[in-house]
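For reference, the structure is listed below as structure tokens.
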Amino acid sequence: MSMYDLYSCNRGDTARFILGQSGDRKLYVVGLNPSTANRHKADTTVAKVEAVARLNGYQGFVMVNLYPLRATDPQQLPEKHSARLQRRNMAEIADSFGDEPPVIWAAWGVNIGARPYLLKACVELHRQVVSRGGRWLHYGELCRHGHPRHPSRLSYQWTFATFDITAYLAAVI
């Protein structure tokens, strides 16, 4: 029995594109790259994301990442990305949005600068979100330099606020 009914990965599950639970009102959560969660078990990040989504009235959630390759530390990501893997990642994320304008929780943390392709992916994802009339949120205070906080160290007392991703991208690129 699967814990998560929304799940997409490559053949060896070394890259994860989508993980989540269906629901009428879904929260999309954008991390940096997937760690160990799979269709049968959560990791710390996914467990916290799921709890925050439920506490804030979302019936479902979809965890996606700027790059789909699994790594427990972003410094383990390859220096050069796979363009094919990245294209599939963006296509799967865009397809998951469906017809409703997506509500996106920016949750990648401060390590977005670890690899240049992560920021490029963020720009591309923002284009996809804008084209569908979506909106961006962050949870808790922004980190130094304006990065949205990673969910692994969150407080359930924090709240969502609008994330000005246009200003963010202008500042970090």
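Each chain of the structure tokens is named A, B, ... in the order shown, its residues numbered from 1; ligands are numbered from 1 in display order.
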Exercise for the section: as a ChimeraX atom specification, please: all residues of range 54-150 of chain A that backbone DSSP puts in helix (DSSP H, G or I). Expected result: /A:54-55,74-76,83-96,110-114,116-131,144-146
Please, could you write that set of residues out with N, CA and C atoms as a compact mmCIF listing (two decimals), in the first residue's frame?
```txt
# COMPACT_ATOMS: atom_id res chain seq x y z
N ARG A 54 -1.58 20.37 5.91
CA ARG A 54 -2.84 20.03 6.60
C ARG A 54 -3.23 21.11 7.62
N LEU A 55 -2.26 21.59 8.39
CA LEU A 55 -2.55 22.63 9.39
C LEU A 55 -3.05 23.93 8.76
N PRO A 74 23.01 18.81 -0.81
CA PRO A 74 23.07 19.45 -2.13
C PRO A 74 24.49 19.54 -2.71
N GLN A 75 25.49 19.49 -1.85
CA GLN A 75 26.87 19.51 -2.34
C GLN A 75 27.23 18.21 -3.08
N GLN A 76 26.40 17.18 -2.90
CA GLN A 76 26.62 15.91 -3.60
C GLN A 76 26.05 15.93 -5.02
N ALA A 83 20.56 17.71 -18.84
CA ALA A 83 19.50 18.50 -19.48
C ALA A 83 18.24 17.66 -19.69
N ARG A 84 18.42 16.38 -20.04
CA ARG A 84 17.27 15.50 -20.27
C ARG A 84 16.48 15.30 -18.98
N LEU A 85 17.19 15.06 -17.89
CA LEU A 85 16.54 14.88 -16.59
C LEU A 85 15.82 16.17 -16.18
N GLN A 86 16.44 17.29 -16.41
CA GLN A 86 15.84 18.57 -16.04
C GLN A 86 14.59 18.86 -16.87
N ARG A 87 14.64 18.57 -18.18
CA ARG A 87 13.46 18.77 -19.03
C ARG A 87 12.29 17.92 -18.55
N ARG A 88 12.59 16.68 -18.22
CA ARG A 88 11.52 15.80 -17.72
C ARG A 88 10.97 16.34 -16.40
N ASN A 89 11.85 16.81 -15.52
CA ASN A 89 11.41 17.36 -14.24
C ASN A 89 10.43 18.51 -14.45
N MET A 90 10.80 19.47 -15.29
CA MET A 90 9.93 20.64 -15.53
C MET A 90 8.62 20.22 -16.18
N ALA A 91 8.67 19.27 -17.11
CA ALA A 91 7.45 18.80 -17.77
C ALA A 91 6.52 18.12 -16.77
N GLU A 92 7.06 17.28 -15.90
CA GLU A 92 6.23 16.59 -14.91
C GLU A 92 5.61 17.58 -13.92
N ILE A 93 6.39 18.58 -13.51
CA ILE A 93 5.86 19.58 -12.58
C ILE A 93 4.73 20.35 -13.27
N ALA A 94 4.98 20.83 -14.48
CA ALA A 94 3.96 21.60 -15.21
C ALA A 94 2.70 20.77 -15.42
N ASP A 95 2.86 19.49 -15.79
CA ASP A 95 1.70 18.62 -15.99
C ASP A 95 0.92 18.41 -14.70
N SER A 96 1.61 18.41 -13.57
CA SER A 96 0.94 18.15 -12.29
C SER A 96 0.03 19.31 -11.88
N VAL A 110 18.83 27.90 1.69
CA VAL A 110 19.96 28.75 1.29
C VAL A 110 20.91 28.08 0.30
N ASN A 111 20.77 26.79 0.07
CA ASN A 111 21.74 26.09 -0.78
C ASN A 111 21.44 26.19 -2.28
N ILE A 112 20.51 27.05 -2.67
CA ILE A 112 20.17 27.17 -4.09
C ILE A 112 21.39 27.58 -4.92
N GLY A 113 22.35 28.24 -4.30
CA GLY A 113 23.55 28.64 -5.01
C GLY A 113 24.59 27.53 -5.14
N ALA A 114 24.31 26.35 -4.62
CA ALA A 114 25.27 25.24 -4.66
C ALA A 114 25.65 24.85 -6.09
N PRO A 116 24.83 26.21 -10.32
CA PRO A 116 24.20 27.24 -11.16
C PRO A 116 22.87 26.80 -11.79
N TYR A 117 22.73 25.53 -12.09
CA TYR A 117 21.51 25.06 -12.74
C TYR A 117 20.30 25.11 -11.83
N LEU A 118 20.49 25.20 -10.51
CA LEU A 118 19.34 25.29 -9.60
C LEU A 118 18.61 26.61 -9.76
N LEU A 119 19.35 27.70 -9.84
CA LEU A 119 18.72 29.01 -10.07
C LEU A 119 18.05 29.07 -11.43
N LYS A 120 18.70 28.49 -12.45
CA LYS A 120 18.09 28.46 -13.79
C LYS A 120 16.76 27.70 -13.75
N ALA A 121 16.72 26.62 -13.00
CA ALA A 121 15.49 25.84 -12.87
C ALA A 121 14.41 26.66 -12.17
N CYS A 122 14.82 27.45 -11.20
CA CYS A 122 13.87 28.30 -10.47
C CYS A 122 13.25 29.33 -11.42
N VAL A 123 14.05 29.91 -12.29
CA VAL A 123 13.55 30.87 -13.27
C VAL A 123 12.55 30.19 -14.20
N GLU A 124 12.88 29.01 -14.68
CA GLU A 124 11.98 28.27 -15.57
C GLU A 124 10.68 27.90 -14.85
N LEU A 125 10.78 27.44 -13.63
CA LEU A 125 9.58 27.08 -12.88
C LEU A 125 8.70 28.31 -12.66
N HIS A 126 9.31 29.44 -12.36
CA HIS A 126 8.54 30.67 -12.19
C HIS A 126 7.76 31.00 -13.46
N ARG A 127 8.38 30.82 -14.62
CA ARG A 127 7.67 31.04 -15.90
C ARG A 127 6.43 30.15 -15.99
N GLN A 128 6.59 28.89 -15.60
CA GLN A 128 5.47 27.94 -15.64
C GLN A 128 4.34 28.37 -14.69
N VAL A 129 4.72 28.80 -13.51
CA VAL A 129 3.73 29.22 -12.51
C VAL A 129 2.98 30.46 -12.99
N VAL A 130 3.71 31.45 -13.50
CA VAL A 130 3.09 32.69 -14.00
C VAL A 130 2.14 32.38 -15.15
N SER A 131 2.55 31.50 -16.05
CA SER A 131 1.71 31.19 -17.21
C SER A 131 0.40 30.52 -16.81
N ARG A 144 18.66 34.92 5.65
CA ARG A 144 19.54 35.98 5.22
C ARG A 144 19.66 35.93 3.69
N HIS A 145 19.76 37.05 3.05
CA HIS A 145 19.83 37.18 1.59
C HIS A 145 18.50 36.84 0.92
N GLY A 146 17.42 36.73 1.68
CA GLY A 146 16.09 36.58 1.11
C GLY A 146 15.67 35.21 0.66
```
For range 118-141 of chain A against range 160-163 of chain A, with a cut-off of 9 Å and counting only C-alpha atoms, what is the closest atom pair and its distance in Å to one decimal for every residue that makes the cut, ordered by chain and number, as CSV?
```
residue,atom,partner,partner_atom,distance
A:Arg135,CA,A:Thr162,CA,7.9
A:Trp136,CA,A:Phe163,CA,5.2
A:Leu137,CA,A:Thr162,CA,4.5
A:His138,CA,A:Phe163,CA,5.4
A:Tyr139,CA,A:Phe160,CA,4.5
A:Gly140,CA,A:Phe160,CA,6.4
A:Glu141,CA,A:Ala161,CA,8.8
```
Could you please take those selected residues and save N, CA and C atoms as a compact mmCIF listing (two decimals), in the first residue's frame?
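Written file, selection.txt:
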```txt
# COMPACT_ATOMS: atom_id res chain seq x y z
N ARG A 135 0.53 31.50 -7.68
CA ARG A 135 1.12 32.45 -6.73
C ARG A 135 2.12 31.72 -5.84
N TRP A 136 3.10 32.51 -5.35
CA TRP A 136 4.18 31.98 -4.54
C TRP A 136 4.03 32.40 -3.08
N LEU A 137 4.36 31.49 -2.19
CA LEU A 137 4.35 31.74 -0.75
C LEU A 137 5.69 31.32 -0.16
N HIS A 138 5.98 31.84 1.03
CA HIS A 138 7.09 31.31 1.83
C HIS A 138 6.52 31.10 3.23
N TYR A 139 7.20 30.28 4.02
CA TYR A 139 6.72 29.91 5.35
C TYR A 139 7.75 30.38 6.36
N GLY A 140 7.31 31.18 7.32
CA GLY A 140 8.23 31.73 8.31
C GLY A 140 9.01 32.89 7.70
N GLU A 141 9.94 33.41 8.49
CA GLU A 141 10.78 34.52 8.01
C GLU A 141 11.72 34.03 6.92
```
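Note that the spacing between CA of Thr36 in chain A and CA of Leu154 in chain A amounts to 18.7 Å.
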Do you have, as CSV, the list of residues of range 70-141 of chain A lying at most 7 Å from range 26-34 of chain A, each with its nearest atom pair and that distance in Å to one decimal, counting only C-alpha atoms and ordered by chain then number?
```
residue,atom,partner,partner_atom,distance
A:Arg70,CA,A:Pro34,CA,4.8
A:Ala71,CA,A:Pro34,CA,6.5
A:Pro102,CA,A:Tyr28,CA,6.9
A:Val103,CA,A:Leu27,CA,5.6
A:Ile104,CA,A:Tyr28,CA,4.7
A:Trp105,CA,A:Val29,CA,4.7
A:Ala106,CA,A:Val30,CA,5.2
A:Ala107,CA,A:Gly31,CA,5.1
A:Trp108,CA,A:Gly31,CA,4.2
A:Ile112,CA,A:Leu32,CA,6.7
```
Taking N, CA and C atoms for each residue, export the selection above as an mmCIF file, in the first residue's frame.
```
data_model
loop_
_atom_site.group_PDB
_atom_site.id
_atom_site.type_symbol
_atom_site.label_atom_id
_atom_site.label_comp_id
_atom_site.auth_asym_id
_atom_site.auth_seq_id
_atom_site.Cartn_x
_atom_site.Cartn_y
_atom_site.Cartn_z
ATOM 1 N N ARG A 70 18.299 12.506 -6.520
ATOM 2 C CA ARG A 70 18.352 12.315 -5.068
ATOM 3 C C ARG A 70 19.756 12.577 -4.523
ATOM 4 N N ALA A 71 19.811 13.291 -3.416
ATOM 5 C CA ALA A 71 21.061 13.510 -2.679
ATOM 6 C C ALA A 71 20.680 14.008 -1.294
ATOM 7 N N PRO A 102 -1.766 27.161 -9.576
ATOM 8 C CA PRO A 102 -1.100 26.532 -8.436
ATOM 9 C C PRO A 102 -0.715 27.515 -7.337
ATOM 10 N N VAL A 103 -0.790 27.041 -6.107
ATOM 11 C CA VAL A 103 -0.273 27.767 -4.948
ATOM 12 C C VAL A 103 1.054 27.090 -4.615
ATOM 13 N N ILE A 104 2.137 27.865 -4.700
ATOM 14 C CA ILE A 104 3.482 27.312 -4.595
ATOM 15 C C ILE A 104 4.166 27.807 -3.328
ATOM 16 N N TRP A 105 4.632 26.869 -2.516
ATOM 17 C CA TRP A 105 5.433 27.181 -1.332
ATOM 18 C C TRP A 105 6.897 27.049 -1.723
ATOM 19 N N ALA A 106 7.607 28.163 -1.772
ATOM 20 C CA ALA A 106 9.039 28.175 -2.037
ATOM 21 C C ALA A 106 9.737 27.679 -0.779
ATOM 22 N N ALA A 107 10.465 26.557 -0.885
ATOM 23 C CA ALA A 107 11.018 25.907 0.314
ATOM 24 C C ALA A 107 12.392 25.304 0.046
ATOM 25 N N TRP A 108 13.200 25.994 -0.756
ATOM 26 C CA TRP A 108 14.492 25.400 -1.137
ATOM 27 C C TRP A 108 15.645 25.754 -0.222
ATOM 28 N N ILE A 112 20.512 27.048 -2.673
ATOM 29 C CA ILE A 112 20.167 27.171 -4.087
ATOM 30 C C ILE A 112 21.385 27.584 -4.922
#
```
Exercise for the section: Can you list, as an MDAnalysis selection string, all residues belonging to range 104-160 of chain A that DSSP tags as strand (DSSP E)? Expected result: chainID A and resid 104:106 135:139 160
Residues of the last selection are to be written out with N, CA and C atoms, as a PDB file, in the first residue's frame.
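Final output, saved to selection_26.pdb:
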```
ATOM      1  N   ILE A 104       2.137  27.865  -4.700  1.00  0.00           N
ATOM      2  CA  ILE A 104       3.482  27.312  -4.595  1.00  0.00           C
ATOM      3  C   ILE A 104       4.166  27.807  -3.328  1.00  0.00           C
ATOM      4  N   TRP A 105       4.632  26.869  -2.516  1.00  0.00           N
ATOM      5  CA  TRP A 105       5.433  27.181  -1.332  1.00  0.00           C
ATOM      6  C   TRP A 105       6.897  27.049  -1.723  1.00  0.00           C
ATOM      7  N   ALA A 106       7.607  28.163  -1.772  1.00  0.00           N
ATOM      8  CA  ALA A 106       9.039  28.175  -2.037  1.00  0.00           C
ATOM      9  C   ALA A 106       9.737  27.679  -0.779  1.00  0.00           C
ATOM     10  N   ARG A 135       0.526  31.501  -7.677  1.00  0.00           N
ATOM     11  CA  ARG A 135       1.125  32.447  -6.730  1.00  0.00           C
ATOM     12  C   ARG A 135       2.116  31.723  -5.842  1.00  0.00           C
ATOM     13  N   TRP A 136       3.096  32.508  -5.354  1.00  0.00           N
ATOM     14  CA  TRP A 136       4.184  31.984  -4.536  1.00  0.00           C
ATOM     15  C   TRP A 136       4.028  32.404  -3.084  1.00  0.00           C
ATOM     16  N   LEU A 137       4.358  31.485  -2.188  1.00  0.00           N
ATOM     17  CA  LEU A 137       4.349  31.742  -0.748  1.00  0.00           C
ATOM     18  C   LEU A 137       5.694  31.324  -0.157  1.00  0.00           C
ATOM     19  N   HIS A 138       5.984  31.842   1.026  1.00  0.00           N
ATOM     20  CA  HIS A 138       7.087  31.307   1.833  1.00  0.00           C
ATOM     21  C   HIS A 138       6.525  31.099   3.232  1.00  0.00           C
ATOM     22  N   TYR A 139       7.199  30.278   4.018  1.00  0.00           N
ATOM     23  CA  TYR A 139       6.717  29.915   5.347  1.00  0.00           C
ATOM     24  C   TYR A 139       7.747  30.377   6.363  1.00  0.00           C
ATOM     25  N   PHE A 160       2.251  31.460   6.579  1.00  0.00           N
ATOM     26  CA  PHE A 160       2.597  31.713   5.184  1.00  0.00           C
ATOM     27  C   PHE A 160       2.495  33.201   4.887  1.00  0.00           C
TER      28      PHE A 160
END
```
For the interface of range 35-101 of chain A with range 11-23 of chain A (cut-off 6 Å, counting only C-alpha atoms), please tabulate each contacting residue of range 35-101 of chain A alongside its nearest pair of atoms and their separation in Å to one decimal, rows sorted by chain and increasing number, as JSON lines.
```
{"residue": "A:Gln59", "atom": "CA", "partner": "A:Gly23", "partner_atom": "CA", "distance": 4.6}
{"residue": "A:Gly60", "atom": "CA", "partner": "A:Gly23", "partner_atom": "CA", "distance": 4.1}
{"residue": "A:Phe61", "atom": "CA", "partner": "A:Gly20", "partner_atom": "CA", "distance": 5.3}
{"residue": "A:Val62", "atom": "CA", "partner": "A:Gly20", "partner_atom": "CA", "distance": 4.3}
{"residue": "A:Met63", "atom": "CA", "partner": "A:Leu19", "partner_atom": "CA", "distance": 5.1}
{"residue": "A:Val64", "atom": "CA", "partner": "A:Ile18", "partner_atom": "CA", "distance": 5.3}
{"residue": "A:Pro68", "atom": "CA", "partner": "A:Ala15", "partner_atom": "CA", "distance": 4.9}
{"residue": "A:Leu69", "atom": "CA", "partner": "A:Ala15", "partner_atom": "CA", "distance": 4.2}
{"residue": "A:Arg70", "atom": "CA", "partner": "A:Ala15", "partner_atom": "CA", "distance": 5.5}
{"residue": "A:Asn89", "atom": "CA", "partner": "A:Phe17", "partner_atom": "CA", "distance": 5.5}
```
Write the residues of the selection above to a file with N, CA and C atoms, as a short mmCIF file (atom, residue, chain, number, x, y, z; two decimals), in the first residue's frame.
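Output below, filename selection.cif:
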```cif
data_model
loop_
_atom_site.label_atom_id
_atom_site.label_comp_id
_atom_site.auth_asym_id
_atom_site.auth_seq_id
_atom_site.Cartn_x
_atom_site.Cartn_y
_atom_site.Cartn_z
N GLN A 59 -5.96 20.06 1.44
CA GLN A 59 -6.35 18.65 1.50
C GLN A 59 -5.27 17.74 0.89
N GLY A 60 -4.42 18.32 0.04
CA GLY A 60 -3.37 17.54 -0.59
C GLY A 60 -2.11 18.38 -0.70
N PHE A 61 -1.03 17.73 -1.09
CA PHE A 61 0.21 18.46 -1.32
C PHE A 61 0.99 17.74 -2.41
N VAL A 62 1.85 18.49 -3.08
CA VAL A 62 2.72 17.93 -4.11
C VAL A 62 4.12 18.46 -3.86
N MET A 63 5.05 17.58 -3.55
CA MET A 63 6.44 17.94 -3.33
C MET A 63 7.18 17.78 -4.65
N VAL A 64 7.79 18.88 -5.11
CA VAL A 64 8.61 18.86 -6.32
C VAL A 64 9.95 19.52 -5.96
N PRO A 68 15.76 16.96 -9.89
CA PRO A 68 15.13 15.72 -9.38
C PRO A 68 16.08 14.66 -8.85
N LEU A 69 17.37 14.83 -9.00
CA LEU A 69 18.31 13.80 -8.57
C LEU A 69 18.38 13.71 -7.05
N ARG A 70 18.30 12.51 -6.52
CA ARG A 70 18.35 12.32 -5.07
C ARG A 70 19.76 12.58 -4.52
N ASN A 89 11.85 16.81 -15.52
CA ASN A 89 11.41 17.36 -14.24
C ASN A 89 10.43 18.51 -14.45
#
```
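Going from CA of Lys48 in chain A over to CA of Met3 in chain A, you cover 14.8 Å.
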Problem - Interatomic distance, CA of Lys80 in chain A to CA of Tyr67 in chain A (Å, one decimal) - result: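 These atoms are spaced 11.5 Å apart.
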